[in-house]
file input-v1.txt (compact mmCIF, N, CA and C atoms)
# COMPACT_ATOMS: atom_id res chain seq x y z
N MET A 155 13.50 -34.47 5.99
CA MET A 155 12.52 -33.40 5.84
C MET A 155 13.20 -32.06 6.14
N VAL A 156 12.92 -31.09 5.30
CA VAL A 156 13.46 -29.75 5.47
C VAL A 156 12.39 -28.86 6.10
N ASP A 157 12.77 -28.15 7.14
CA ASP A 157 11.86 -27.17 7.73
C ASP A 157 11.91 -25.89 6.91
N ILE A 158 10.75 -25.39 6.54
CA ILE A 158 10.65 -24.12 5.84
C ILE A 158 10.13 -23.10 6.85
N VAL A 159 10.85 -22.02 7.03
CA VAL A 159 10.46 -21.00 7.99
C VAL A 159 10.21 -19.70 7.25
N TYR A 160 9.03 -19.16 7.40
CA TYR A 160 8.71 -17.85 6.83
C TYR A 160 8.96 -16.82 7.92
N ASP A 161 9.89 -15.90 7.66
CA ASP A 161 10.30 -14.91 8.65
C ASP A 161 10.24 -13.52 8.00
N PRO A 162 9.03 -12.95 7.90
CA PRO A 162 8.87 -11.70 7.15
C PRO A 162 9.51 -10.49 7.84
N ILE A 163 9.68 -9.46 7.04
CA ILE A 163 10.16 -8.18 7.55
C ILE A 163 9.16 -7.66 8.57
N THR A 164 9.66 -7.21 9.70
CA THR A 164 8.78 -6.67 10.74
C THR A 164 8.91 -5.16 10.88
N THR A 165 10.01 -4.59 10.35
CA THR A 165 10.23 -3.15 10.46
C THR A 165 10.80 -2.61 9.16
N LEU A 166 10.17 -1.57 8.65
CA LEU A 166 10.68 -0.86 7.48
C LEU A 166 11.01 0.56 7.93
N VAL A 167 12.25 0.95 7.75
CA VAL A 167 12.68 2.30 8.07
C VAL A 167 12.81 3.06 6.75
N VAL A 168 12.01 4.11 6.59
CA VAL A 168 12.05 4.93 5.38
C VAL A 168 12.74 6.24 5.76
N HIS A 169 13.87 6.51 5.12
CA HIS A 169 14.68 7.67 5.49
C HIS A 169 14.24 8.95 4.78
N ASP A 170 13.65 8.82 3.58
CA ASP A 170 13.16 10.00 2.87
C ASP A 170 12.07 9.55 1.91
N VAL A 171 11.04 10.38 1.76
CA VAL A 171 9.95 10.06 0.85
C VAL A 171 9.48 11.33 0.18
N ALA A 172 9.18 11.24 -1.11
CA ALA A 172 8.72 12.42 -1.85
C ALA A 172 7.70 12.02 -2.89
N LYS A 173 6.60 12.76 -2.91
CA LYS A 173 5.61 12.58 -3.96
C LYS A 173 6.11 13.37 -5.17
N VAL A 174 6.13 12.73 -6.34
CA VAL A 174 6.63 13.36 -7.55
C VAL A 174 5.64 13.15 -8.68
N ALA A 175 5.78 13.95 -9.73
CA ALA A 175 4.95 13.77 -10.92
C ALA A 175 5.27 12.41 -11.55
N GLN A 176 4.25 11.76 -12.10
CA GLN A 176 4.46 10.43 -12.67
C GLN A 176 5.53 10.42 -13.75
N ASP A 177 5.58 11.43 -14.61
CA ASP A 177 6.62 11.47 -15.65
C ASP A 177 8.01 11.53 -15.03
N ASP A 178 8.17 12.25 -13.93
CA ASP A 178 9.47 12.31 -13.26
C ASP A 178 9.84 10.95 -12.67
N LEU A 179 8.84 10.28 -12.13
CA LEU A 179 9.07 8.94 -11.58
C LEU A 179 9.50 7.99 -12.69
N LEU A 180 8.86 8.07 -13.84
CA LEU A 180 9.25 7.23 -14.98
C LEU A 180 10.65 7.58 -15.45
N ARG A 181 10.93 8.88 -15.56
CA ARG A 181 12.23 9.34 -16.03
C ARG A 181 13.38 8.82 -15.16
N GLU A 182 13.16 8.75 -13.86
CA GLU A 182 14.24 8.30 -12.98
C GLU A 182 14.59 6.83 -13.17
N ARG A 183 13.70 6.06 -13.80
CA ARG A 183 13.95 4.64 -14.00
C ARG A 183 14.66 4.36 -15.33
N VAL A 184 14.87 5.39 -16.14
CA VAL A 184 15.55 5.23 -17.43
C VAL A 184 17.03 5.50 -17.23
N GLN A 185 17.84 4.51 -17.59
CA GLN A 185 19.29 4.63 -17.54
C GLN A 185 19.83 4.20 -18.89
N PRO A 186 21.02 4.63 -19.25
CA PRO A 186 21.55 4.26 -20.57
C PRO A 186 21.48 2.75 -20.81
N GLY A 187 20.76 2.38 -21.85
CA GLY A 187 20.69 0.98 -22.26
C GLY A 187 19.71 0.12 -21.49
N VAL A 188 19.02 0.67 -20.49
CA VAL A 188 18.12 -0.15 -19.68
C VAL A 188 17.06 0.72 -19.00
N THR A 189 15.92 0.12 -18.76
CA THR A 189 14.94 0.78 -17.90
C THR A 189 14.68 -0.14 -16.72
N LEU A 190 14.59 0.43 -15.56
CA LEU A 190 14.34 -0.32 -14.34
C LEU A 190 12.84 -0.31 -14.04
N PRO A 191 12.31 -1.38 -13.50
CA PRO A 191 10.86 -1.42 -13.25
C PRO A 191 10.44 -0.53 -12.07
N LEU A 192 9.17 -0.26 -12.03
CA LEU A 192 8.55 0.43 -10.91
C LEU A 192 7.65 -0.57 -10.21
N TRP A 193 7.26 -0.25 -8.99
CA TRP A 193 6.37 -1.09 -8.21
C TRP A 193 5.01 -0.40 -8.12
N TRP A 194 3.95 -1.20 -8.11
CA TRP A 194 2.59 -0.67 -7.94
C TRP A 194 1.87 -1.50 -6.90
N CYS A 195 1.21 -0.81 -5.97
CA CYS A 195 0.42 -1.48 -4.96
C CYS A 195 -0.58 -0.48 -4.39
N ASN A 196 -1.83 -0.90 -4.27
CA ASN A 196 -2.81 -0.10 -3.53
C ASN A 196 -3.01 1.30 -4.12
N GLY A 197 -2.91 1.41 -5.45
CA GLY A 197 -3.11 2.71 -6.10
C GLY A 197 -1.91 3.63 -6.06
N ILE A 198 -0.76 3.09 -5.67
CA ILE A 198 0.48 3.88 -5.58
C ILE A 198 1.54 3.27 -6.49
N LEU A 199 2.15 4.12 -7.30
CA LEU A 199 3.28 3.75 -8.15
C LEU A 199 4.53 4.27 -7.45
N PHE A 200 5.54 3.42 -7.25
CA PHE A 200 6.69 3.90 -6.48
C PHE A 200 8.00 3.21 -6.86
N SER A 201 9.06 3.85 -6.43
CA SER A 201 10.40 3.28 -6.53
C SER A 201 11.07 3.51 -5.18
N PHE A 202 12.06 2.71 -4.91
CA PHE A 202 12.81 2.91 -3.67
C PHE A 202 14.26 2.52 -3.90
N SER A 203 15.13 3.10 -3.11
CA SER A 203 16.53 2.68 -3.12
C SER A 203 16.86 2.19 -1.72
N SER A 204 17.52 1.07 -1.68
CA SER A 204 17.89 0.47 -0.40
C SER A 204 19.24 1.00 0.05
N VAL A 205 19.44 0.96 1.35
CA VAL A 205 20.74 1.30 1.90
C VAL A 205 21.70 0.17 1.50
N PRO A 206 22.90 0.51 1.03
CA PRO A 206 23.85 -0.54 0.65
C PRO A 206 24.11 -1.51 1.82
N MET A 207 24.22 -2.77 1.48
CA MET A 207 24.45 -3.78 2.51
C MET A 207 25.87 -3.66 3.08
N ASN A 208 25.93 -3.67 4.38
CA ASN A 208 27.19 -3.75 5.11
C ASN A 208 26.90 -4.62 6.33
N ASP A 209 27.84 -4.76 7.23
CA ASP A 209 27.64 -5.64 8.38
C ASP A 209 26.43 -5.24 9.21
N GLU A 210 26.26 -3.94 9.45
CA GLU A 210 25.15 -3.47 10.27
C GLU A 210 23.80 -3.71 9.57
N MET A 211 23.73 -3.41 8.27
CA MET A 211 22.49 -3.62 7.53
C MET A 211 22.15 -5.10 7.44
N THR A 212 23.15 -5.94 7.30
CA THR A 212 22.92 -7.39 7.26
C THR A 212 22.36 -7.87 8.60
N ARG A 213 22.92 -7.37 9.71
CA ARG A 213 22.40 -7.74 11.03
C ARG A 213 20.94 -7.31 11.17
N ASP A 214 20.63 -6.06 10.75
CA ASP A 214 19.25 -5.58 10.79
C ASP A 214 18.34 -6.46 9.95
N TYR A 215 18.78 -6.76 8.74
CA TYR A 215 17.99 -7.57 7.80
C TYR A 215 17.65 -8.93 8.41
N LEU A 216 18.63 -9.56 9.03
CA LEU A 216 18.41 -10.86 9.64
C LEU A 216 17.48 -10.79 10.85
N LYS A 217 17.32 -9.59 11.41
CA LYS A 217 16.39 -9.37 12.53
C LYS A 217 15.02 -8.90 12.03
N GLY A 218 14.85 -8.82 10.70
CA GLY A 218 13.56 -8.42 10.15
C GLY A 218 13.39 -6.92 9.95
N LYS A 219 14.48 -6.19 9.90
CA LYS A 219 14.42 -4.73 9.74
C LYS A 219 15.16 -4.33 8.47
N ILE A 220 14.47 -3.60 7.58
CA ILE A 220 15.12 -3.11 6.36
C ILE A 220 15.04 -1.59 6.31
N HIS A 221 15.94 -1.03 5.53
CA HIS A 221 16.02 0.41 5.36
C HIS A 221 15.85 0.77 3.89
N TRP A 222 14.96 1.70 3.62
CA TRP A 222 14.86 2.29 2.29
C TRP A 222 15.38 3.71 2.41
N MET A 223 16.42 4.00 1.68
CA MET A 223 17.07 5.30 1.72
C MET A 223 16.14 6.40 1.21
N GLU A 224 15.50 6.11 0.09
CA GLU A 224 14.68 7.14 -0.56
C GLU A 224 13.54 6.47 -1.31
N VAL A 225 12.35 7.03 -1.16
CA VAL A 225 11.17 6.55 -1.89
C VAL A 225 10.59 7.70 -2.68
N HIS A 226 10.29 7.48 -3.94
CA HIS A 226 9.56 8.43 -4.78
C HIS A 226 8.27 7.74 -5.19
N PHE A 227 7.17 8.48 -5.18
CA PHE A 227 5.90 7.87 -5.52
C PHE A 227 4.96 8.85 -6.19
N SER A 228 3.98 8.31 -6.87
CA SER A 228 2.86 9.09 -7.39
C SER A 228 1.63 8.18 -7.35
N GLU A 229 0.48 8.81 -7.38
CA GLU A 229 -0.76 8.03 -7.35
C GLU A 229 -1.07 7.52 -8.76
N MET A 230 -1.51 6.28 -8.83
CA MET A 230 -1.94 5.68 -10.10
C MET A 230 -3.03 4.68 -9.73
N LYS A 231 -4.26 5.11 -9.89
CA LYS A 231 -5.41 4.33 -9.41
C LYS A 231 -5.41 2.89 -9.92
N ASP A 232 -5.28 2.71 -11.22
CA ASP A 232 -5.37 1.38 -11.81
C ASP A 232 -4.01 0.87 -12.25
N TYR A 233 -3.79 -0.41 -12.05
CA TYR A 233 -2.54 -1.05 -12.44
C TYR A 233 -2.42 -1.16 -13.95
N LYS A 234 -1.24 -0.86 -14.45
CA LYS A 234 -0.89 -1.09 -15.86
C LYS A 234 0.49 -1.74 -15.86
N SER A 235 0.66 -2.77 -16.65
CA SER A 235 1.93 -3.51 -16.63
C SER A 235 3.07 -2.78 -17.32
N VAL A 236 2.74 -1.85 -18.21
CA VAL A 236 3.76 -1.06 -18.92
C VAL A 236 3.27 0.38 -19.01
N LEU A 237 4.17 1.31 -18.71
CA LEU A 237 3.87 2.73 -18.89
C LEU A 237 4.83 3.29 -19.93
N GLU A 238 4.36 4.27 -20.68
CA GLU A 238 5.20 4.87 -21.72
C GLU A 238 5.57 6.29 -21.34
N LEU A 239 6.79 6.65 -21.68
CA LEU A 239 7.31 7.98 -21.45
C LEU A 239 7.88 8.52 -22.75
N ASN A 240 7.35 9.63 -23.22
CA ASN A 240 7.92 10.29 -24.39
C ASN A 240 9.04 11.18 -23.88
N ASP A 241 10.25 10.69 -24.03
CA ASP A 241 11.40 11.37 -23.44
C ASP A 241 12.12 12.23 -24.47
N GLU A 242 12.19 13.52 -24.18
CA GLU A 242 12.84 14.46 -25.11
C GLU A 242 14.35 14.25 -25.16
N HIS A 243 14.94 13.79 -24.08
CA HIS A 243 16.40 13.58 -24.05
C HIS A 243 16.82 12.45 -24.99
N TYR A 244 16.08 11.34 -24.95
CA TYR A 244 16.42 10.21 -25.79
C TYR A 244 15.75 10.27 -27.16
N GLY A 245 14.79 11.19 -27.31
CA GLY A 245 14.11 11.36 -28.59
C GLY A 245 13.27 10.16 -28.99
N SER A 246 12.73 9.48 -28.01
CA SER A 246 11.90 8.31 -28.33
C SER A 246 10.92 8.04 -27.19
N THR A 247 10.07 7.07 -27.44
CA THR A 247 9.13 6.64 -26.41
C THR A 247 9.76 5.49 -25.65
N MET A 248 9.88 5.67 -24.35
CA MET A 248 10.47 4.64 -23.50
C MET A 248 9.34 3.87 -22.83
N LYS A 249 9.51 2.57 -22.70
CA LYS A 249 8.53 1.74 -22.01
C LYS A 249 9.13 1.28 -20.68
N ILE A 250 8.38 1.49 -19.62
CA ILE A 250 8.83 1.12 -18.29
C ILE A 250 7.88 0.06 -17.73
N ARG A 251 8.44 -1.05 -17.30
CA ARG A 251 7.64 -2.13 -16.72
C ARG A 251 7.17 -1.72 -15.32
N VAL A 252 6.00 -2.20 -14.98
CA VAL A 252 5.45 -1.97 -13.66
C VAL A 252 5.10 -3.33 -13.07
N ILE A 253 5.58 -3.57 -11.87
CA ILE A 253 5.34 -4.85 -11.21
C ILE A 253 4.26 -4.67 -10.14
N ASP A 254 3.22 -5.47 -10.25
CA ASP A 254 2.11 -5.43 -9.30
C ASP A 254 2.52 -6.20 -8.05
N THR A 255 2.74 -5.50 -6.95
CA THR A 255 3.16 -6.14 -5.71
C THR A 255 2.03 -6.16 -4.69
N SER A 256 0.80 -6.20 -5.18
CA SER A 256 -0.36 -6.23 -4.28
C SER A 256 -0.35 -7.42 -3.33
N GLY A 257 0.36 -8.47 -3.69
CA GLY A 257 0.44 -9.64 -2.83
C GLY A 257 1.47 -9.52 -1.72
N SER A 258 2.21 -8.43 -1.70
CA SER A 258 3.25 -8.24 -0.69
C SER A 258 2.66 -7.53 0.54
N LYS A 259 2.71 -8.18 1.68
CA LYS A 259 2.23 -7.57 2.91
C LYS A 259 3.01 -6.29 3.21
N LEU A 260 4.32 -6.33 3.00
CA LEU A 260 5.16 -5.15 3.24
C LEU A 260 4.71 -3.99 2.37
N HIS A 261 4.52 -4.22 1.07
CA HIS A 261 4.14 -3.14 0.17
C HIS A 261 2.72 -2.64 0.46
N LYS A 262 1.81 -3.54 0.84
CA LYS A 262 0.45 -3.11 1.19
C LYS A 262 0.49 -2.18 2.40
N GLU A 263 1.23 -2.58 3.42
CA GLU A 263 1.29 -1.76 4.63
C GLU A 263 2.02 -0.45 4.37
N PHE A 264 3.07 -0.50 3.55
CA PHE A 264 3.80 0.71 3.21
C PHE A 264 2.92 1.71 2.45
N THR A 265 2.20 1.24 1.43
CA THR A 265 1.35 2.17 0.65
C THR A 265 0.19 2.67 1.48
N SER A 266 -0.32 1.87 2.39
CA SER A 266 -1.37 2.36 3.30
C SER A 266 -0.82 3.46 4.19
N TRP A 267 0.39 3.28 4.68
CA TRP A 267 1.07 4.29 5.49
C TRP A 267 1.26 5.57 4.70
N LEU A 268 1.69 5.43 3.42
CA LEU A 268 1.87 6.62 2.56
C LEU A 268 0.58 7.41 2.45
N LYS A 269 -0.53 6.70 2.28
CA LYS A 269 -1.81 7.35 2.09
C LYS A 269 -2.28 8.10 3.34
N THR A 270 -1.77 7.74 4.51
CA THR A 270 -2.17 8.44 5.73
C THR A 270 -1.55 9.82 5.80
N GLY A 271 -0.44 10.02 5.06
CA GLY A 271 0.25 11.31 5.08
C GLY A 271 1.06 11.56 6.33
N LYS A 272 1.25 10.54 7.15
CA LYS A 272 2.02 10.68 8.40
C LYS A 272 3.51 10.57 8.13
N ARG A 273 4.05 11.62 7.57
CA ARG A 273 5.48 11.62 7.26
C ARG A 273 6.11 12.85 7.86

call {"tool": "encode", "arguments": {"input": "input-v1.txt", "output": "structure tokens"}}
result
Amino acid sequence: MVDIVYDPITTLVVHDVAKVAQDDLLRERVQPGVTLPLWWCNGILFSFSSVPMNDEMTRDYLKGKIHWMEVHFSEMKDYKSVLELNDEHYGSTMKIRVIDTSGSKLHKEFTSWLKTGKR
């Protein structure tokens, strides 16, 4: 028999956060040849970048502590699985996937924290 242990993140350290226009948030997810998804939870559309893993970050991670270097977000009341961006640089309509992370305790607590404005 294998023991399964659920050991969730207990601490999220956010180093920088900025509310941005939704089009800017979409634009930042477009890279040559690919679009990266965005996350949606609790009426908030967001992206984050993690601190690169090194020995210290790995130790923190194993203790239940993660670091997000930078978070960009905008309000989006209702979930949509795909958002479109008419991008003048690429001269086309770009489609960006949105992942509903409402089932994530971490994302629920994070978006609730964002809504308090305590930054």

call {"tool": "residues_around", "arguments": {"input": "input-v1.txt", "residues": "range 170-173 of chain A", "least_positions_apart": "2", "cutoff": "9 Å", "atoms": "only C-alpha atoms", "output": "list in words"}}
result
Val168, Ala175, Phe202, Trp222, Met223, Glu224, Val225, His226, Phe227, Ser228, Glu229, Leu268 and Arg273 of chain A

call {"tool": "select_by_dssp", "arguments": {"input": "input-v1.txt", "residues": "range 215-255 of chain A", "states": "strand (DSSP E)", "output": "list of chain:residue names"}}
result
A:Lys219, A:Ile220, A:His221, A:Trp222, A:Met223, A:Glu224, A:Val225, A:His226, A:Phe227, A:Ser228, A:Glu229, A:Val236, A:Leu237, A:Glu238, A:Leu239, A:Asn240, A:Asp241, A:Ser246, A:Thr247, A:Met248, A:Lys249, A:Ile250, A:Arg251, A:Val252, A:Ile253, A:Asp254

call {"tool": "residues_around", "arguments": {"input": "input-v1.txt", "residues": "range 258-264 of chain A", "least_positions_apart": "6", "cutoff": "8 Å", "atoms": "only N, CA and C atoms", "output": "JSON, numbers by chain"}}
result
{"A": [163, 194, 195, 196, 270]}

call {"tool": "axis_aligned_box", "arguments": {"input": "input-v1.txt", "around": "range 208-227 of chain A", "padding_each_side": "6 Å", "output": "JSON"}}
result
{"center_x": 16.4, "center_y": -1.0, "center_z": 3.2, "size_x": 34.9, "size_y": 31.7, "size_z": 30.7}

call {"tool": "select_by_dssp", "arguments": {"input": "input-v1.txt", "residues": "range 156-271 of chain A", "states": "alpha helix (DSSP H)", "output": "list in words"}}
result
Gln176, Asp177, Asp178, Leu179, Leu180, Arg181, Glu182, Asp209, Glu210, Met211, Thr212, Arg213, Asp214, Tyr215, Leu216, Lys259, Leu260, His261, Lys262, Glu263, Phe264, Thr265, Ser266, Trp267, Leu268, Lys269 and Thr270 of chain A

call {"tool": "residues_around", "arguments": {"input": "input-v1.txt", "residues": "Ile220 in chain A", "least_positions_apart": "6", "cutoff": "6 Å", "atoms": "all atoms listed in the file", "output": "list in words"}}
result
Thr165, Leu166, Val167 and Asp214 of chain A

call {"tool": "write_last_selection", "arguments": {"input": "input-v1.txt", "atoms": "N, CA and C atoms", "output": "tab-separated table (two decimals), in the coordinates of the input"}}
result
chain	number	residue	atom	x	y	z
A	165	THR	N	10.01	-4.59	10.35
A	165	THR	CA	10.23	-3.15	10.46
A	165	THR	C	10.80	-2.61	9.16
A	166	LEU	N	10.17	-1.57	8.65
A	166	LEU	CA	10.68	-0.86	7.48
A	166	LEU	C	11.01	0.56	7.93
A	167	VAL	N	12.25	0.95	7.75
A	167	VAL	CA	12.68	2.30	8.07
A	167	VAL	C	12.81	3.06	6.75
A	214	ASP	N	20.63	-6.06	10.75
A	214	ASP	CA	19.25	-5.58	10.79
A	214	ASP	C	18.34	-6.46	9.95

call {"tool": "atom_distance", "arguments": {"input": "input-v1.txt", "atom1": "CA of Arg251 in chain A", "atom2": "CA of Thr265 in chain A"}}
result
19.0 Å

call {"tool": "residues_around", "arguments": {"input": "input-v1.txt", "residues": "Met230 in chain A", "least_positions_apart": "2", "cutoff": "7 Å", "atoms": "only N, CA and C atoms", "output": "list in words"}}
result
Asn196, Gly197, Ile198, Leu199, Ser228, Asp232 and Tyr233 of chain A

call {"tool": "closest_residue", "arguments": {"input": "input-v1.txt", "among": "A:Gln176, A:Thr164, A:Thr212, A:Gln185", "to": "Phe200 in chain A", "atoms": "only C-alpha atoms"}}
result
A:Gln176

call {"tool": "atom_distance", "arguments": {"input": "input-v1.txt", "atom1": "atom N of Arg213 in chain A", "atom2": "atom C of Tyr160 in chain A"}}
result
17.0 Å

call {"tool": "residues_near_point", "arguments": {"input": "input-v1.txt", "point": "(9.5, -3.4, -10.9)", "cutoff": "8 Å", "atoms": "all atoms listed in the file", "output": "PyMOL selection string"}}
result
chain A and resi 190-194+200+250-254

call {"tool": "write_last_selection", "arguments": {"input": "input-v1.txt", "atoms": "N, CA and C atoms", "output": "PDB file, in the coordinates of the input"}}
result
ATOM      1  N   LEU A 190      14.590   0.430 -15.560  1.00  0.00           N
ATOM      2  CA  LEU A 190      14.340  -0.320 -14.340  1.00  0.00           C
ATOM      3  C   LEU A 190      12.840  -0.310 -14.040  1.00  0.00           C
ATOM      4  N   PRO A 191      12.310  -1.380 -13.500  1.00  0.00           N
ATOM      5  CA  PRO A 191      10.860  -1.420 -13.250  1.00  0.00           C
ATOM      6  C   PRO A 191      10.440  -0.530 -12.070  1.00  0.00           C
ATOM      7  N   LEU A 192       9.170  -0.260 -12.030  1.00  0.00           N
ATOM      8  CA  LEU A 192       8.550   0.430 -10.910  1.00  0.00           C
ATOM      9  C   LEU A 192       7.650  -0.570 -10.210  1.00  0.00           C
ATOM     10  N   TRP A 193       7.260  -0.250  -8.990  1.00  0.00           N
ATOM     11  CA  TRP A 193       6.370  -1.090  -8.210  1.00  0.00           C
ATOM     12  C   TRP A 193       5.010  -0.400  -8.120  1.00  0.00           C
ATOM     13  N   TRP A 194       3.950  -1.200  -8.110  1.00  0.00           N
ATOM     14  CA  TRP A 194       2.590  -0.670  -7.940  1.00  0.00           C
ATOM     15  C   TRP A 194       1.870  -1.500  -6.900  1.00  0.00           C
ATOM     16  N   PHE A 200       5.540   3.420  -7.250  1.00  0.00           N
ATOM     17  CA  PHE A 200       6.690   3.900  -6.480  1.00  0.00           C
ATOM     18  C   PHE A 200       8.000   3.210  -6.860  1.00  0.00           C
ATOM     19  N   ILE A 250       8.380   1.490 -19.620  1.00  0.00           N
ATOM     20  CA  ILE A 250       8.830   1.120 -18.290  1.00  0.00           C
ATOM     21  C   ILE A 250       7.880   0.060 -17.730  1.00  0.00           C
ATOM     22  N   ARG A 251       8.440  -1.050 -17.300  1.00  0.00           N
ATOM     23  CA  ARG A 251       7.640  -2.130 -16.720  1.00  0.00           C
ATOM     24  C   ARG A 251       7.170  -1.720 -15.320  1.00  0.00           C
ATOM     25  N   VAL A 252       6.000  -2.200 -14.980  1.00  0.00           N
ATOM     26  CA  VAL A 252       5.450  -1.970 -13.660  1.00  0.00           C
ATOM     27  C   VAL A 252       5.100  -3.330 -13.070  1.00  0.00           C
ATOM     28  N   ILE A 253       5.580  -3.570 -11.870  1.00  0.00           N
ATOM     29  CA  ILE A 253       5.340  -4.850 -11.210  1.00  0.00           C
ATOM     30  C   ILE A 253       4.260  -4.670 -10.140  1.00  0.00           C
ATOM     31  N   ASP A 254       3.220  -5.470 -10.250  1.00  0.00           N
ATOM     32  CA  ASP A 254       2.110  -5.430  -9.300  1.00  0.00           C
ATOM     33  C   ASP A 254       2.520  -6.200  -8.050  1.00  0.00           C
TER      34      ASP A 254
END

call {"tool": "atom_distance", "arguments": {"input": "input-v1.txt", "atom1": "CA of Tyr215 in chain A", "atom2": "CA of Val159 in chain A"}}
result
15.4 Å

call {"tool": "decode", "arguments": {"input": "input-v1.txt", "residues": "range 161-227 of chain A", "atoms": "C-alpha atoms", "output": "mmCIF file, in the first residue's frame"}}
result
data_model
loop_
_atom_site.group_PDB
_atom_site.id
_atom_site.type_symbol
_atom_site.label_atom_id
_atom_site.label_comp_id
_atom_site.auth_asym_id
_atom_site.auth_seq_id
_atom_site.Cartn_x
_atom_site.Cartn_y
_atom_site.Cartn_z
ATOM 1 C CA ASP A 161 0.839 18.747 1.612
ATOM 2 C CA PRO A 162 -0.530 22.035 0.240
ATOM 3 C CA ILE A 163 1.239 25.353 -0.013
ATOM 4 C CA THR A 164 0.916 27.218 3.275
ATOM 5 C CA THR A 165 2.664 30.484 2.334
ATOM 6 C CA LEU A 166 2.604 32.521 -0.852
ATOM 7 C CA VAL A 167 5.060 35.396 -1.061
ATOM 8 C CA VAL A 168 4.082 37.937 -3.735
ATOM 9 C CA HIS A 169 6.965 40.280 -4.525
ATOM 10 C CA ASP A 170 5.117 42.649 -6.887
ATOM 11 C CA VAL A 171 1.528 43.045 -8.040
ATOM 12 C CA ALA A 172 -0.050 45.404 -10.561
ATOM 13 C CA LYS A 173 -3.558 45.882 -11.841
ATOM 14 C CA VAL A 174 -3.402 46.314 -15.623
ATOM 15 C CA ALA A 175 -5.838 46.763 -18.500
ATOM 16 C CA GLN A 176 -7.159 43.434 -19.768
ATOM 17 C CA ASP A 177 -5.725 43.997 -23.266
ATOM 18 C CA ASP A 178 -2.276 44.555 -21.745
ATOM 19 C CA LEU A 179 -2.641 41.377 -19.722
ATOM 20 C CA LEU A 180 -3.551 39.475 -22.898
ATOM 21 C CA ARG A 181 -0.700 41.081 -24.831
ATOM 22 C CA GLU A 182 1.887 39.946 -22.296
ATOM 23 C CA ARG A 183 0.900 36.312 -22.883
ATOM 24 C CA VAL A 184 1.624 36.480 -26.635
ATOM 25 C CA GLN A 185 5.109 35.359 -27.611
ATOM 26 C CA PRO A 186 6.457 34.509 -31.062
ATOM 27 C CA GLY A 187 4.800 31.291 -32.193
ATOM 28 C CA VAL A 188 2.855 30.671 -28.969
ATOM 29 C CA THR A 189 0.373 32.137 -26.548
ATOM 30 C CA LEU A 190 0.581 31.332 -22.862
ATOM 31 C CA PRO A 191 -2.603 30.794 -20.852
ATOM 32 C CA LEU A 192 -3.999 33.072 -18.189
ATOM 33 C CA TRP A 193 -5.582 32.024 -14.909
ATOM 34 C CA TRP A 194 -9.080 32.988 -13.758
ATOM 35 C CA CYS A 195 -10.501 32.650 -10.273
ATOM 36 C CA ASN A 196 -13.062 34.544 -8.213
ATOM 37 C CA GLY A 197 -13.669 37.225 -10.870
ATOM 38 C CA ILE A 198 -9.948 37.911 -11.358
ATOM 39 C CA LEU A 199 -7.940 37.244 -14.523
ATOM 40 C CA PHE A 200 -4.224 37.008 -13.766
ATOM 41 C CA SER A 201 -0.753 35.870 -14.673
ATOM 42 C CA PHE A 202 2.249 35.330 -12.474
ATOM 43 C CA SER A 203 5.921 34.613 -12.847
ATOM 44 C CA SER A 204 7.660 32.384 -10.362
ATOM 45 C CA VAL A 205 11.088 32.937 -8.916
ATOM 46 C CA PRO A 206 13.525 30.612 -10.726
ATOM 47 C CA MET A 207 14.181 27.428 -8.789
ATOM 48 C CA ASN A 208 17.477 27.216 -6.967
ATOM 49 C CA ASP A 209 18.518 25.465 -3.754
ATOM 50 C CA GLU A 210 16.877 28.069 -1.505
ATOM 51 C CA MET A 211 13.606 28.141 -3.476
ATOM 52 C CA THR A 212 13.493 24.340 -3.509
ATOM 53 C CA ARG A 213 13.917 24.272 0.287
ATOM 54 C CA ASP A 214 11.100 26.835 0.641
ATOM 55 C CA TYR A 215 8.885 24.877 -1.759
ATOM 56 C CA LEU A 216 9.354 21.663 0.204
ATOM 57 C CA LYS A 217 8.347 23.579 3.359
ATOM 58 C CA GLY A 218 5.132 24.786 1.678
ATOM 59 C CA LYS A 219 6.308 28.290 0.748
ATOM 60 C CA ILE A 220 6.302 29.605 -2.829
ATOM 61 C CA HIS A 221 7.342 32.911 -4.334
ATOM 62 C CA TRP A 222 5.663 34.755 -7.179
ATOM 63 C CA MET A 223 8.004 37.393 -8.536
ATOM 64 C CA GLU A 224 5.352 39.418 -10.314
ATOM 65 C CA VAL A 225 1.572 39.254 -10.674
ATOM 66 C CA HIS A 226 -0.484 41.175 -13.238
ATOM 67 C CA PHE A 227 -4.254 41.093 -12.995
#
